[in-house]
>>> print(open('model_10.pdb').read())   # PDB, C-alpha atoms
ATOM      1  CA  MET M 251       6.461  16.800  13.611
ATOM      2  CA  LYS M 252       7.543  14.134  11.123
ATOM      3  CA  GLN M 253       5.339  11.071  10.978
ATOM      4  CA  ARG M 254       6.184   7.712   9.427
ATOM      5  CA  TYR M 255       3.719   5.883   7.226
ATOM      6  CA  LEU M 256       3.681   2.494   5.571
ATOM      7  CA  ILE M 257       2.066   2.765   2.137
ATOM      8  CA  ALA M 258       0.881  -0.226   0.077
ATOM      9  CA  LEU M 259       1.208   0.147  -3.702
ATOM     10  CA  GLY M 260      -0.526  -1.894  -6.388
ATOM     11  CA  SER M 261      -0.959  -1.820 -10.160
ATOM     12  CA  ASN M 262      -2.291  -4.210 -12.789
ATOM     13  CA  ARG M 263      -2.695  -1.986 -15.830
ATOM     14  CA  ARG M 264      -0.184  -0.414 -18.210
ATOM     15  CA  HIS M 265       0.437   3.315 -18.195
ATOM     16  CA  HIS M 266       1.101   5.187 -21.439
ATOM     17  CA  ARG M 267       4.337   6.693 -20.088
ATOM     18  CA  HIS M 268       5.505   4.340 -17.302
ATOM     19  CA  GLY M 269       4.794   1.054 -19.086
ATOM     20  CA  ASP M 270       3.852  -2.188 -17.369
ATOM     21  CA  PRO M 271       2.637  -2.362 -13.743
ATOM     22  CA  ARG M 272       6.197  -2.790 -12.427
ATOM     23  CA  GLY M 273       7.184   0.421 -14.226
ATOM     24  CA  VAL M 274       4.137   2.146 -12.763
ATOM     25  CA  LEU M 275       5.240   1.203  -9.240
ATOM     26  CA  ARG M 276       8.809   2.380  -9.861
ATOM     27  CA  ALA M 277       7.398   5.748 -11.002
ATOM     28  CA  ALA M 278       5.069   5.808  -7.970
ATOM     29  CA  PHE M 279       8.065   5.395  -5.639
ATOM     30  CA  ALA M 280       9.529   8.545  -7.210
ATOM     31  CA  ALA M 281       6.193  10.358  -6.795
ATOM     32  CA  LEU M 282       6.226   9.460  -3.088
ATOM     33  CA  ASP M 283       9.526  11.325  -2.705
ATOM     34  CA  ARG M 284       8.270  14.797  -3.633
ATOM     35  CA  LYS M 285       6.473  17.810  -2.203
ATOM     36  CA  GLY M 286       6.523  17.223   1.536
ATOM     37  CA  LEU M 287       6.988  13.456   1.365
ATOM     38  CA  LYS M 288      10.316  11.723   1.923
ATOM     39  CA  LEU M 289      10.675   8.143   0.702
ATOM     40  CA  LYS M 290      12.725   6.332   3.353
ATOM     41  CA  ALA M 291      12.516   2.748   2.015
ATOM     42  CA  SER M 292      10.887   0.810  -0.792
ATOM     43  CA  SER M 293      10.256  -2.913  -0.999
ATOM     44  CA  PRO M 294      10.926  -5.196  -3.914
ATOM     45  CA  ILE M 295       8.038  -5.347  -6.372
ATOM     46  CA  MET M 296       6.147  -8.639  -6.082
ATOM     47  CA  ALA M 297       3.504 -10.278  -8.269
ATOM     48  CA  SER M 298       0.165 -11.424  -6.880
ATOM     49  CA  ALA M 299      -3.118 -12.872  -8.073
ATOM     50  CA  PRO M 300      -6.006 -10.419  -8.470
ATOM     51  CA  LEU M 301      -8.977 -10.133  -6.114
ATOM     52  CA  GLY M 302     -12.449  -9.821  -7.573
ATOM     53  CA  PRO M 303     -13.334  -9.760 -11.283
ATOM     54  CA  SER M 304      -9.987  -8.589 -12.666
ATOM     55  CA  ARG M 305      -7.999 -11.271 -14.482
ATOM     56  CA  ARG M 306      -4.725  -9.353 -14.605
ATOM     57  CA  ARG M 307      -2.003 -10.139 -12.085
ATOM     58  CA  TYR M 308      -0.940  -7.313  -9.815
ATOM     59  CA  ALA M 309       2.433  -5.812  -9.112
ATOM     60  CA  ASN M 310       2.561  -4.961  -5.391
ATOM     61  CA  ALA M 311       5.059  -3.156  -3.203
ATOM     62  CA  ALA M 312       5.352  -1.168   0.023
ATOM     63  CA  ALA M 313       6.988   2.135   0.876
ATOM     64  CA  LEU M 314       7.999   3.888   4.076
ATOM     65  CA  VAL M 315       7.538   7.649   3.896
ATOM     66  CA  LYS M 316       8.107  10.498   6.332
ATOM     67  CA  THR M 317       6.017  13.644   6.287
ATOM     68  CA  ASP M 318       4.522  16.383   8.448
ATOM     69  CA  LEU M 319       1.089  15.561   7.023
ATOM     70  CA  ALA M 320      -1.691  14.156   9.197
ATOM     71  CA  PRO M 321      -3.291  10.913   7.953
ATOM     72  CA  ASP M 322      -6.252  12.647   6.248
ATOM     73  CA  ALA M 323      -3.954  15.110   4.482
ATOM     74  CA  LEU M 324      -1.658  12.293   3.358
ATOM     75  CA  LEU M 325      -4.660  10.367   2.011
ATOM     76  CA  ASP M 326      -5.602  13.441  -0.058
ATOM     77  CA  ARG M 327      -2.030  13.590  -1.403
ATOM     78  CA  LEU M 328      -2.072   9.886  -2.301
ATOM     79  CA  LYS M 329      -5.379  10.277  -4.143
ATOM     80  CA  THR M 330      -3.873  13.201  -6.088
ATOM     81  CA  ILE M 331      -0.921  10.993  -7.099
ATOM     82  CA  GLU M 332      -3.323   8.230  -8.188
ATOM     83  CA  ARG M 333      -5.258  10.711 -10.366
ATOM     84  CA  ARG M 334      -2.010  11.933 -11.955
ATOM     85  CA  PHE M 335      -1.329   8.335 -12.938
ATOM     86  CA  GLY M 336      -4.770   8.136 -14.562
ATOM     87  CA  ARG M 337      -6.814   6.515 -11.810
ATOM     88  CA  ARG M 338     -10.480   7.417 -11.970
ATOM     89  CA  ARG M 339     -13.034   6.889  -9.228
ATOM     90  CA  GLY M 340     -16.194   5.008  -9.983
ATOM     91  CA  GLY M 341     -16.692   1.999 -12.166
ATOM     92  CA  GLN M 342     -16.598  -1.590 -11.038
ATOM     93  CA  ALA M 343     -15.054  -2.335  -7.664
ATOM     94  CA  TRP M 344     -11.939  -4.537  -7.738
ATOM     95  CA  SER M 345     -11.398  -3.928 -11.454
ATOM     96  CA  THR M 346      -8.068  -3.172 -13.124
ATOM     97  CA  ARG M 347      -6.261  -0.046 -12.020
ATOM     98  CA  VAL M 348      -3.183   1.860 -13.011
ATOM     99  CA  LEU M 349      -2.228   2.708  -9.424
ATOM    100  CA  ASP M 350      -3.609   2.059  -5.958
ATOM    101  CA  LEU M 351      -1.989   3.700  -2.921
ATOM    102  CA  ASP M 352      -3.204   2.831   0.594
ATOM    103  CA  ILE M 353      -2.083   3.979   4.028
ATOM    104  CA  VAL M 354      -1.455   0.745   5.918
ATOM    105  CA  LEU M 355       0.203   1.914   9.159
ATOM    106  CA  TRP M 356       1.063   5.220  10.811
ATOM    107  CA  SER M 357       3.643   5.936  13.523
ATOM    108  CA  GLY M 358       0.901   7.668  15.514
ATOM    109  CA  GLY M 359      -0.930   4.380  16.091
ATOM    110  CA  ALA M 360      -4.583   3.947  15.186
ATOM    111  CA  TRP M 361      -6.648   6.545  13.300
ATOM    112  CA  ALA M 362     -10.272   6.633  12.212
ATOM    113  CA  SER M 363     -12.097   9.267  10.227
ATOM    114  CA  PRO M 364     -14.688   9.178   7.463
ATOM    115  CA  GLY M 365     -12.969   7.502   4.532
ATOM    116  CA  LEU M 366      -9.803   6.414   6.369
ATOM    117  CA  THR M 367      -8.996   3.765   8.959
ATOM    118  CA  VAL M 368      -5.416   3.070  10.063
ATOM    119  CA  PRO M 369      -4.267   0.365  10.376
ATOM    120  CA  HIS M 370      -5.853  -0.591   7.075
ATOM    121  CA  VAL M 371      -8.900  -2.758   7.794
ATOM    122  CA  SER M 372      -7.648  -5.657   5.639
ATOM    123  CA  LEU M 373      -3.974  -5.508   6.641
ATOM    124  CA  ARG M 374      -4.010  -8.808   8.535
ATOM    125  CA  GLU M 375      -5.591 -10.821   5.681
ATOM    126  CA  ARG M 376      -3.592  -9.613   2.696
ATOM    127  CA  ARG M 377      -0.376 -11.403   1.875
ATOM    128  CA  PHE M 378       0.172  -9.045  -1.077
ATOM    129  CA  VAL M 379       0.429  -6.193   1.451
ATOM    130  CA  LEU M 380       2.286  -7.991   4.249
ATOM    131  CA  ALA M 381       4.974  -9.734   2.156
ATOM    132  CA  PRO M 382       6.401  -6.512   0.648
ATOM    133  CA  ALA M 383       5.934  -4.641   3.950
ATOM    134  CA  VAL M 384       7.948  -7.227   5.882
ATOM    135  CA  THR M 385      10.961  -6.587   3.640
ATOM    136  CA  ILE M 386      11.202  -2.957   4.813
ATOM    137  CA  ALA M 387       9.482  -2.886   8.233
ATOM    138  CA  PRO M 388       9.424  -6.397   9.735
ATOM    139  CA  THR M 389       9.275  -5.194  13.355
ATOM    140  CA  TRP M 390       6.616  -2.495  12.915
ATOM    141  CA  ARG M 391       3.755  -3.447  15.226
ATOM    142  CA  ASP M 392       0.082  -3.421  14.412
ATOM    143  CA  PRO M 393      -1.285  -1.045  17.094
ATOM    144  CA  LEU M 394      -4.461  -3.116  17.491
ATOM    145  CA  THR M 395      -2.970  -6.596  17.946
ATOM    146  CA  GLY M 396       0.540  -5.701  19.132
ATOM    147  CA  LEU M 397       1.952  -8.183  16.600
ATOM    148  CA  THR M 398       4.797  -7.280  14.259
ATOM    149  CA  LEU M 399       4.318  -7.385  10.508
ATOM    150  CA  ARG M 400       6.599 -10.438  10.472
ATOM    151  CA  HIS M 401       4.278 -12.209  12.939
ATOM    152  CA  LEU M 402       1.162 -11.222  11.001
ATOM    153  CA  LEU M 403       2.654 -12.649   7.799
ATOM    154  CA  ALA M 404       3.706 -15.860   9.574
ATOM    155  CA  ARG M 405       0.159 -16.282  10.891
ATOM    156  CA  LEU M 406      -1.267 -15.759   7.432
ATOM    157  CA  ASP M 407       1.171 -18.238   5.872
ATOM    158  CA  ARG M 408       0.761 -20.852   8.604
ATOM    159  CA  ARG M 409      -0.785 -24.045   7.310
ATOM    160  CA  ARG M 410      -4.269 -24.601   8.566
ATOM    161  CA  PRO M 411      -5.587 -28.090   9.398
ATOM    162  CA  ARG M 412      -8.101 -29.429   6.885
TER     163      ARG M 412
END
>>> encode(input="model_10.pdb", output="C-alpha cells")
Amino acid sequence: MKQRYLIALGSNRRHHRHGDPRGVLRAAFAALDRKGLKLKASSPIMASAPLGPSRRRYANAAALVKTDLAPDALLDRLKTIERRFGRRRGGQAWSTRVLDLDIVLWSGGAWASPGLTVPHVSLRERRFVLAPAVTIAPTWRDPLTGLTLRHLLARLDRRRPR
C-alpha cells in the first residue's frame, strides 16, 4: 500500500557535480523520484542560519513522496541517497554536510524504532523544517499534537513576551 512521507532536505556544502547547496537540493529532489519513490511535491528552497558549530548557511526544502516502503526501509533508502551525494557518517555533530534527508511525517501516524522516530523529534521547534513544509502540506497534522503544520509554524513564529 502506498504511504505518503514528508521529507526535510538540507545542505550547506558544495558538491563537485551539483554545485552549491541549492543545486544539491535540486538534484536531491530528482533522486527522491526514482526506484520505488514518487516525488509528489517539492517546496521552494529556503536559506537558514546554521545550528551548532557550522558557519555556513543552509539551503532547506521539503518534499512529499509516495512509496510502498515502510518507515525503516525508507530511512535506509534516504541514507543510501545521502552517501551517493558524498555524506559520510562520523565526525563532528552539526558540522557542514552535502545532504541531509530526514523523515518528518508519515501518513501512517507515529512510528518508533531504534534509529527512527516519526514525527521527527524536533519538528515542532525547527522553522527551517516547518516553513518549507507548510508550502506543500499546510494541513498535514502532527499525529501527536493534532495541530497542522501551518499551526505549528504560527506557534513557532508567534512573538513571545519578554
>>> atom_distance(input="model_10.pdb", atom1="CA of Met296 in chain M", atom2="CA of Arg327 in chain M")
24.1 Å
>>> atom_distance(input="model_10.pdb", atom1="CA of Ser292 in chain M", atom2="CA of Leu259 in chain M")
10.1 Å
>>> resolve_selection(input="model_10.pdb", expression="the PyMOL selection byres ((chain M and resi 394) around 10)", output="number ranges by chain")
M: 359-360, 368-369, 391-393, 395-397
>>> residues_near_point(input="model_10.pdb", point="(8.5, 7.3, -4.7)", cutoff="10 Å", atoms="all atoms listed in the file", output="VMD selection string")
chain M and resid 275 to 284 287 to 292 313 to 315
>>> residues_near_point(input="model_10.pdb", point="(-3.3, 1.9, -6.6)", cutoff="7 Å", atoms="only C-alpha atoms", output="ChimeraX atom specification")
/M:259-261,332,347-351
>>> atom_distance(input="model_10.pdb", atom1="CA of Gln253 in chain M", atom2="CA of Pro388 in chain M")
18.0 Å
>>> residues_around(input="model_10.pdb", residues="Leu380 in chain M", least_positions_apart="6", cutoff="12 Å", atoms="only C-alpha atoms", output="PDB file with C-alpha atoms, in the frame of the given file")
ATOM      1  CA  LEU M 256       3.681   2.494   5.571  1.00  0.00           C
ATOM      2  CA  ILE M 257       2.066   2.765   2.137  1.00  0.00           C
ATOM      3  CA  ALA M 258       0.881  -0.226   0.077  1.00  0.00           C
ATOM      4  CA  LEU M 259       1.208   0.147  -3.702  1.00  0.00           C
ATOM      5  CA  SER M 293      10.256  -2.913  -0.999  1.00  0.00           C
ATOM      6  CA  MET M 296       6.147  -8.639  -6.082  1.00  0.00           C
ATOM      7  CA  SER M 298       0.165 -11.424  -6.880  1.00  0.00           C
ATOM      8  CA  ASN M 310       2.561  -4.961  -5.391  1.00  0.00           C
ATOM      9  CA  ALA M 311       5.059  -3.156  -3.203  1.00  0.00           C
ATOM     10  CA  ALA M 312       5.352  -1.168   0.023  1.00  0.00           C
ATOM     11  CA  ALA M 313       6.988   2.135   0.876  1.00  0.00           C
ATOM     12  CA  VAL M 354      -1.455   0.745   5.918  1.00  0.00           C
ATOM     13  CA  LEU M 355       0.203   1.914   9.159  1.00  0.00           C
ATOM     14  CA  HIS M 370      -5.853  -0.591   7.075  1.00  0.00           C
ATOM     15  CA  SER M 372      -7.648  -5.657   5.639  1.00  0.00           C
ATOM     16  CA  LEU M 373      -3.974  -5.508   6.641  1.00  0.00           C
ATOM     17  CA  ARG M 374      -4.010  -8.808   8.535  1.00  0.00           C
ATOM     18  CA  ILE M 386      11.202  -2.957   4.813  1.00  0.00           C
ATOM     19  CA  ALA M 387       9.482  -2.886   8.233  1.00  0.00           C
ATOM     20  CA  PRO M 388       9.424  -6.397   9.735  1.00  0.00           C
ATOM     21  CA  THR M 389       9.275  -5.194  13.355  1.00  0.00           C
ATOM     22  CA  TRP M 390       6.616  -2.495  12.915  1.00  0.00           C
ATOM     23  CA  ARG M 391       3.755  -3.447  15.226  1.00  0.00           C
ATOM     24  CA  ASP M 392       0.082  -3.421  14.412  1.00  0.00           C
ATOM     25  CA  THR M 398       4.797  -7.280  14.259  1.00  0.00           C
ATOM     26  CA  LEU M 399       4.318  -7.385  10.508  1.00  0.00           C
ATOM     27  CA  ARG M 400       6.599 -10.438  10.472  1.00  0.00           C
ATOM     28  CA  HIS M 401       4.278 -12.209  12.939  1.00  0.00           C
ATOM     29  CA  LEU M 402       1.162 -11.222  11.001  1.00  0.00           C
ATOM     30  CA  LEU M 403       2.654 -12.649   7.799  1.00  0.00           C
ATOM     31  CA  ALA M 404       3.706 -15.860   9.574  1.00  0.00           C
ATOM     32  CA  ARG M 405       0.159 -16.282  10.891  1.00  0.00           C
ATOM     33  CA  LEU M 406      -1.267 -15.759   7.432  1.00  0.00           C
ATOM     34  CA  ASP M 407       1.171 -18.238   5.872  1.00  0.00           C
TER      35      ASP M 407
END
>>> closest_residue(input="model_10.pdb", among="M:Asn262, M:Ala299, M:Pro321, M:Asp326", to="Thr367 in chain M", atoms="all atoms listed in the file")
M:Pro321
